[in-house]
Amino acid sequence: MAFQPLVRSGYVPVSGGRLYYEMAGKGPTLVFIHAGIADCRMWDDQFEYLAQNCRVIRFDARGYGKSQTEAVNFSNRQDLLDLMDYLGLEPTILVGCSRGGQIAVDFTLEHPCRVRGLVLVNSGLSGLVTPETSTAAFERDLFIEMDALWEKRDFSKLVEKEIQMFVAGPWQSIDRVRPQAREKVREMKLSNLSRRNREAIPIVMNPPAIDRLDDIETPTLVLVGDLDTQYSLAAAEYLASHIPTAQKLVIPGTSHLPNLEKPEEFNRLLDRFIKQITV
């Protein structure tokens with residue numbers, strides 16, 4: 001019989017909203033921060049697996065999943081701090097993918113004493129601009145097309161473009177990724193779009209993280225899929241070369257969400273890193 005963790009769930013009050021969270025397990029504490037194309041369900045495989053030996057928390061960022069917000073200016077870093085304070089979390093290992101990785105980096109710079117370890121999965125990086133190349137131009141055109149679909153509120157086509165870009169990879173066949181992973185992202189993305197009836201504006205960190213990475217002393221694992229966008233590949237290289245404590249690992253044959261594509265390999269790498277920094 002598969003392990004079934006006892007899950008506690010609820011809402012954390014934040015300024016102008018509330019964040020949905022789930023928590024399970026005992027041991028070293030991990031907080032998972034989802035990608036912008038998903039919600040906290042993207043971590044299903046990691047949540048159940050790691051709850052066997054760790055205390056795991058996942059939550060829906062403001063504007064995503066079951067979380068709720070008013071039309072306010074807000075800080076993702078403050079939201080994360082409020083969640084950690086509300087749950088009484090000691091220094092924590094942050095696991096962030098894409099937008100979630102950028103939030104994790106920015107939070108670590110603002111609150112270094114609250115972070116025990118960093119796992120950055122195809123992470124964003126505030127302040128990073130990639131050089132203009134033919135590959136980057138192709139990806140830029142896809143983003144322009146997606147922006148146009150957003151303006152027209154053509155959400156069905158928008159979601160399919162985003163699945164092509166972020167699930168399969170910008171240069172890959174959509175059939176490269178198993179149907180279950182594609183459908184999971186489709187469900188999360190459509191659900192997010194249907195719930196976003198109010199616009200909340202995130203407050204960016206100033207100055208951005210790009211020129212401050214050498215201040216990070218936290219043990220850091222940078223994970224990247226070799227089929228991801230040029231931006232993600234460039235961000236991973238920059239993070240790995242400018243965070244003094246960082247180690248970088250490539251997960252071959254994956255794109256933006258390697259934890260969905262190769263969950264067993266992803267869990268093995270994550271488990272090894274956790275044991276390295278908690279012994």
# chains A, B, ... in the order shown; residues from 1 in each chain; ligands from 1
>>> residues_around(residues="A:Cys97", least_positions_apart="4", cutoff="12 Å", atoms="only C-alpha atoms", output="CSV table (one decimal) with N, CA and C atoms, in the first residue's frame")
chain,number,residue,atom,x,y,z
A,31,VAL,N,9.6,24.2,1.9
A,31,VAL,CA,8.5,24.9,1.3
A,31,VAL,C,8.6,25.0,-0.2
A,32,PHE,N,7.6,24.5,-0.9
A,32,PHE,CA,7.6,24.4,-2.4
A,32,PHE,C,6.8,25.6,-2.9
A,33,ILE,N,7.4,26.3,-3.9
A,33,ILE,CA,6.8,27.5,-4.6
A,33,ILE,C,6.7,27.1,-6.0
A,34,HIS,N,5.5,27.2,-6.5
A,34,HIS,CA,5.1,26.7,-7.9
A,34,HIS,C,5.5,27.6,-9.0
A,35,ALA,N,5.5,27.1,-10.2
A,35,ALA,CA,5.8,27.9,-11.4
A,35,ALA,C,4.5,28.8,-11.7
A,36,GLY,N,4.8,29.8,-12.6
A,36,GLY,CA,3.7,30.7,-13.0
A,36,GLY,C,2.6,30.0,-13.9
A,37,ILE,N,3.0,28.8,-14.5
A,37,ILE,CA,2.1,28.1,-15.3
A,37,ILE,C,1.3,27.1,-14.6
A,38,ALA,N,1.4,27.1,-13.2
A,38,ALA,CA,0.9,26.0,-12.4
A,38,ALA,C,0.3,26.5,-11.1
A,39,ASP,N,0.0,25.6,-10.2
A,39,ASP,CA,-0.3,25.9,-8.8
A,39,ASP,C,0.3,24.9,-8.0
A,40,CYS,N,0.0,24.8,-6.7
A,40,CYS,CA,0.7,23.9,-5.8
A,40,CYS,C,0.6,22.5,-6.2
A,42,MET,N,1.4,21.1,-8.8
A,42,MET,CA,2.5,20.6,-9.6
A,42,MET,C,3.5,19.8,-8.8
A,43,TRP,N,3.4,19.9,-7.5
A,43,TRP,CA,4.4,19.2,-6.6
A,43,TRP,C,3.8,17.9,-6.0
A,101,GLY,N,11.1,30.0,-8.3
A,101,GLY,CA,12.5,30.1,-8.0
A,101,GLY,C,13.0,31.5,-7.9
A,102,GLN,N,12.5,32.4,-8.7
A,102,GLN,CA,12.8,33.9,-8.5
A,102,GLN,C,12.3,34.4,-7.2
A,103,ILE,N,11.1,34.0,-6.8
A,103,ILE,CA,10.6,34.4,-5.5
A,103,ILE,C,11.5,33.9,-4.4
A,104,ALA,N,12.0,32.7,-4.5
A,104,ALA,CA,12.9,32.1,-3.5
A,104,ALA,C,14.2,32.8,-3.4
A,105,VAL,N,14.8,33.2,-4.5
A,105,VAL,CA,16.1,33.9,-4.5
A,105,VAL,C,15.9,35.3,-3.9
A,118,LEU,N,18.4,26.2,-0.7
A,118,LEU,CA,17.7,26.7,-1.9
A,118,LEU,C,17.8,25.6,-3.0
A,119,VAL,N,16.7,25.3,-3.6
A,119,VAL,CA,16.6,24.4,-4.8
A,119,VAL,C,15.9,25.2,-5.8
A,120,LEU,N,16.6,25.6,-6.9
A,120,LEU,CA,16.1,26.5,-7.9
A,120,LEU,C,16.0,25.7,-9.2
A,121,VAL,N,14.7,25.5,-9.6
A,121,VAL,CA,14.4,24.6,-10.8
A,121,VAL,C,14.0,25.5,-12.0
A,122,ASN,N,14.8,25.5,-13.0
A,122,ASN,CA,14.6,26.4,-14.1
A,122,ASN,C,14.1,27.7,-13.7
A,123,SER,N,14.9,28.3,-12.8
A,123,SER,CA,14.5,29.5,-12.0
A,123,SER,C,14.5,30.7,-12.9
A,124,GLY,N,13.6,31.7,-12.6
A,124,GLY,CA,13.7,33.0,-13.0
A,124,GLY,C,14.8,33.8,-12.2
A,125,LEU,N,15.2,34.9,-12.7
A,125,LEU,CA,16.2,35.7,-12.0
A,125,LEU,C,15.9,37.2,-12.2
A,166,PHE,N,6.4,25.6,-22.4
A,166,PHE,CA,6.9,25.3,-21.1
A,166,PHE,C,6.9,23.8,-20.7
A,221,LEU,N,21.1,24.4,-4.8
A,221,LEU,CA,21.1,23.4,-5.9
A,221,LEU,C,20.4,24.0,-7.1
A,222,VAL,N,21.0,24.2,-8.2
A,222,VAL,CA,20.4,24.7,-9.4
A,222,VAL,C,20.1,23.6,-10.3
A,223,LEU,N,18.9,23.3,-10.6
A,223,LEU,CA,18.4,22.3,-11.5
A,223,LEU,C,17.9,22.9,-12.8
A,224,VAL,N,18.2,22.3,-13.9
A,224,VAL,CA,17.7,22.9,-15.2
A,224,VAL,C,17.5,21.7,-16.2
A,225,GLY,N,16.4,21.8,-17.0
A,225,GLY,CA,16.2,20.9,-18.1
A,225,GLY,C,16.9,21.4,-19.3
A,232,SER,N,15.8,30.3,-19.5
A,232,SER,CA,16.0,29.4,-18.3
A,232,SER,C,17.4,28.9,-18.3
A,236,ALA,N,20.0,29.7,-15.3
A,236,ALA,CA,20.7,28.6,-14.5
A,236,ALA,C,22.2,28.8,-14.5
A,255,SER,N,12.2,19.7,-20.0
A,255,SER,CA,12.0,21.1,-20.2
A,255,SER,C,11.8,21.8,-18.9
A,256,HIS,N,10.7,22.7,-18.8
A,256,HIS,CA,10.5,23.6,-17.8
A,256,HIS,C,10.1,23.0,-16.5
A,257,LEU,N,9.4,21.9,-16.5
A,257,LEU,CA,8.9,21.2,-15.3
A,257,LEU,C,9.4,19.8,-15.2
A,258,PRO,N,10.7,19.7,-14.9
A,258,PRO,CA,11.3,18.3,-14.8
A,258,PRO,C,10.7,17.4,-13.7
A,259,ASN,N,10.2,18.0,-12.7
A,259,ASN,CA,9.5,17.2,-11.6
A,259,ASN,C,8.3,16.5,-12.1
A,260,LEU,N,7.6,17.0,-13.2
A,260,LEU,CA,6.5,16.3,-13.8
A,260,LEU,C,6.9,15.3,-14.8
>>> residues_around(residues="stretch 157-161 of chain A", least_positions_apart="3", cutoff="7 Å", atoms="only C-alpha atoms", output="list in words")
Met146, Leu149, Trp150, Asp154, Gln164, Met165, Arg186 and Lys189 of chain A
>>> write_last_selection(atoms="N, CA and C atoms", output="short mmCIF file (atom, residue, chain, number, x, y, z; two decimals), in the first residue's frame")
data_model
loop_
_atom_site.label_atom_id
_atom_site.label_comp_id
_atom_site.auth_asym_id
_atom_site.auth_seq_id
_atom_site.Cartn_x
_atom_site.Cartn_y
_atom_site.Cartn_z
N MET A 146 1.67 34.76 -27.34
CA MET A 146 0.91 34.44 -26.13
C MET A 146 0.33 35.69 -25.49
N LEU A 149 -2.78 36.58 -27.36
CA LEU A 149 -3.90 35.70 -27.00
C LEU A 149 -4.48 36.08 -25.64
N TRP A 150 -3.61 36.50 -24.73
CA TRP A 150 -4.08 36.97 -23.41
C TRP A 150 -4.95 38.21 -23.57
N ASP A 154 -8.35 34.73 -25.37
CA ASP A 154 -8.49 33.44 -26.04
C ASP A 154 -7.71 32.41 -25.22
N GLN A 164 3.09 24.08 -25.14
CA GLN A 164 4.16 23.89 -26.11
C GLN A 164 5.47 24.49 -25.60
N MET A 165 5.39 25.72 -25.10
CA MET A 165 6.60 26.43 -24.68
C MET A 165 7.22 25.82 -23.43
N ARG A 186 -2.56 21.64 -18.18
CA ARG A 186 -3.74 22.27 -18.81
C ARG A 186 -4.81 22.57 -17.77
N LYS A 189 -3.62 25.46 -15.40
CA LYS A 189 -3.58 26.77 -16.06
C LYS A 189 -4.99 27.30 -16.32
#
>>> select_by_dssp(residues="stretch 42-237 of chain A", states="helix (DSSP H, G or I)", output="number ranges by chain")
A: 42-50, 76-86, 99-110, 112-114, 134-151, 155-168, 174-176, 179-195, 209-211, 213-215, 230-237
>>> residues_around(residues="A:Val14", least_positions_apart="5", cutoff="8 Å", atoms="only C-alpha atoms", output="PyMOL selection string")
chain A and resi 19+79+82
>>> closest_residue(among="A:Arg41, A:Asn73, A:Gly27, A:Ala200", to="A:Val279", atoms="only C-alpha atoms")
A:Gly27
>>> closest_residue(among="A:Lys184, A:Lys262, A:Arg212, A:Arg58", to="A:Thr29", atoms="only C-alpha atoms")
A:Arg58
>>> select_by_dssp(residues="stretch 53-190 of chain A", states="strand (DSSP E)", output="list in words")
Arg55, Val56, Ile57, Arg58, Phe59, Gln68, Thr69, Asn73, Phe74, Thr92, Ile93, Leu94, Val95, Gly96, Cys97, Val115, Arg116, Gly117, Leu118, Val119, Leu120 and Val121 of chain A
>>> residues_around(residues="A:Glu90", least_positions_apart="3", cutoff="10 Å", atoms="only C-alpha atoms", output="PyMOL selection string")
chain A and resi 28-29+84-85+87+93+113-116
>>> write_last_selection(atoms="C-alpha atoms", output="PDB file, in the first residue's frame")
ATOM      1  CA  PRO A  28      13.547  18.941   7.910  1.00  0.00           C
ATOM      2  CA  THR A  29      11.170  21.601   6.611  1.00  0.00           C
ATOM      3  CA  MET A  84       6.308  30.993   7.403  1.00  0.00           C
ATOM      4  CA  ASP A  85       5.464  33.095  10.472  1.00  0.00           C
ATOM      5  CA  LEU A  87       2.996  28.209  10.458  1.00  0.00           C
ATOM      6  CA  ILE A  93      14.638  24.739   2.545  1.00  0.00           C
ATOM      7  CA  CYS A 113      18.290  33.902   8.283  1.00  0.00           C
ATOM      8  CA  ARG A 114      15.005  32.227   7.347  1.00  0.00           C
ATOM      9  CA  VAL A 115      16.468  30.024   4.595  1.00  0.00           C
ATOM     10  CA  ARG A 116      18.394  26.813   5.243  1.00  0.00           C
TER      11      ARG A 116
END
>>> closest_residue(among="A:Thr220, A:Arg140, A:Val129, A:Leu193", to="A:Phe155", atoms="only C-alpha atoms")
A:Leu193
>>> residues_around(residues="A:Lys26", least_positions_apart="3", cutoff="10 Å", atoms="only C-alpha atoms", output="PyMOL selection string")
chain A and resi 23+29+50-56
>>> closest_residue(among="A:Ala61, A:Met188, A:Val167, A:Leu233", to="A:Thr254", atoms="only C-alpha atoms")
A:Val167
>>> closest_residue(among="A:Ala235, A:Ala209, A:Ile277, A:Ile57", to="A:Phe107", atoms="only C-alpha atoms")
A:Ala209
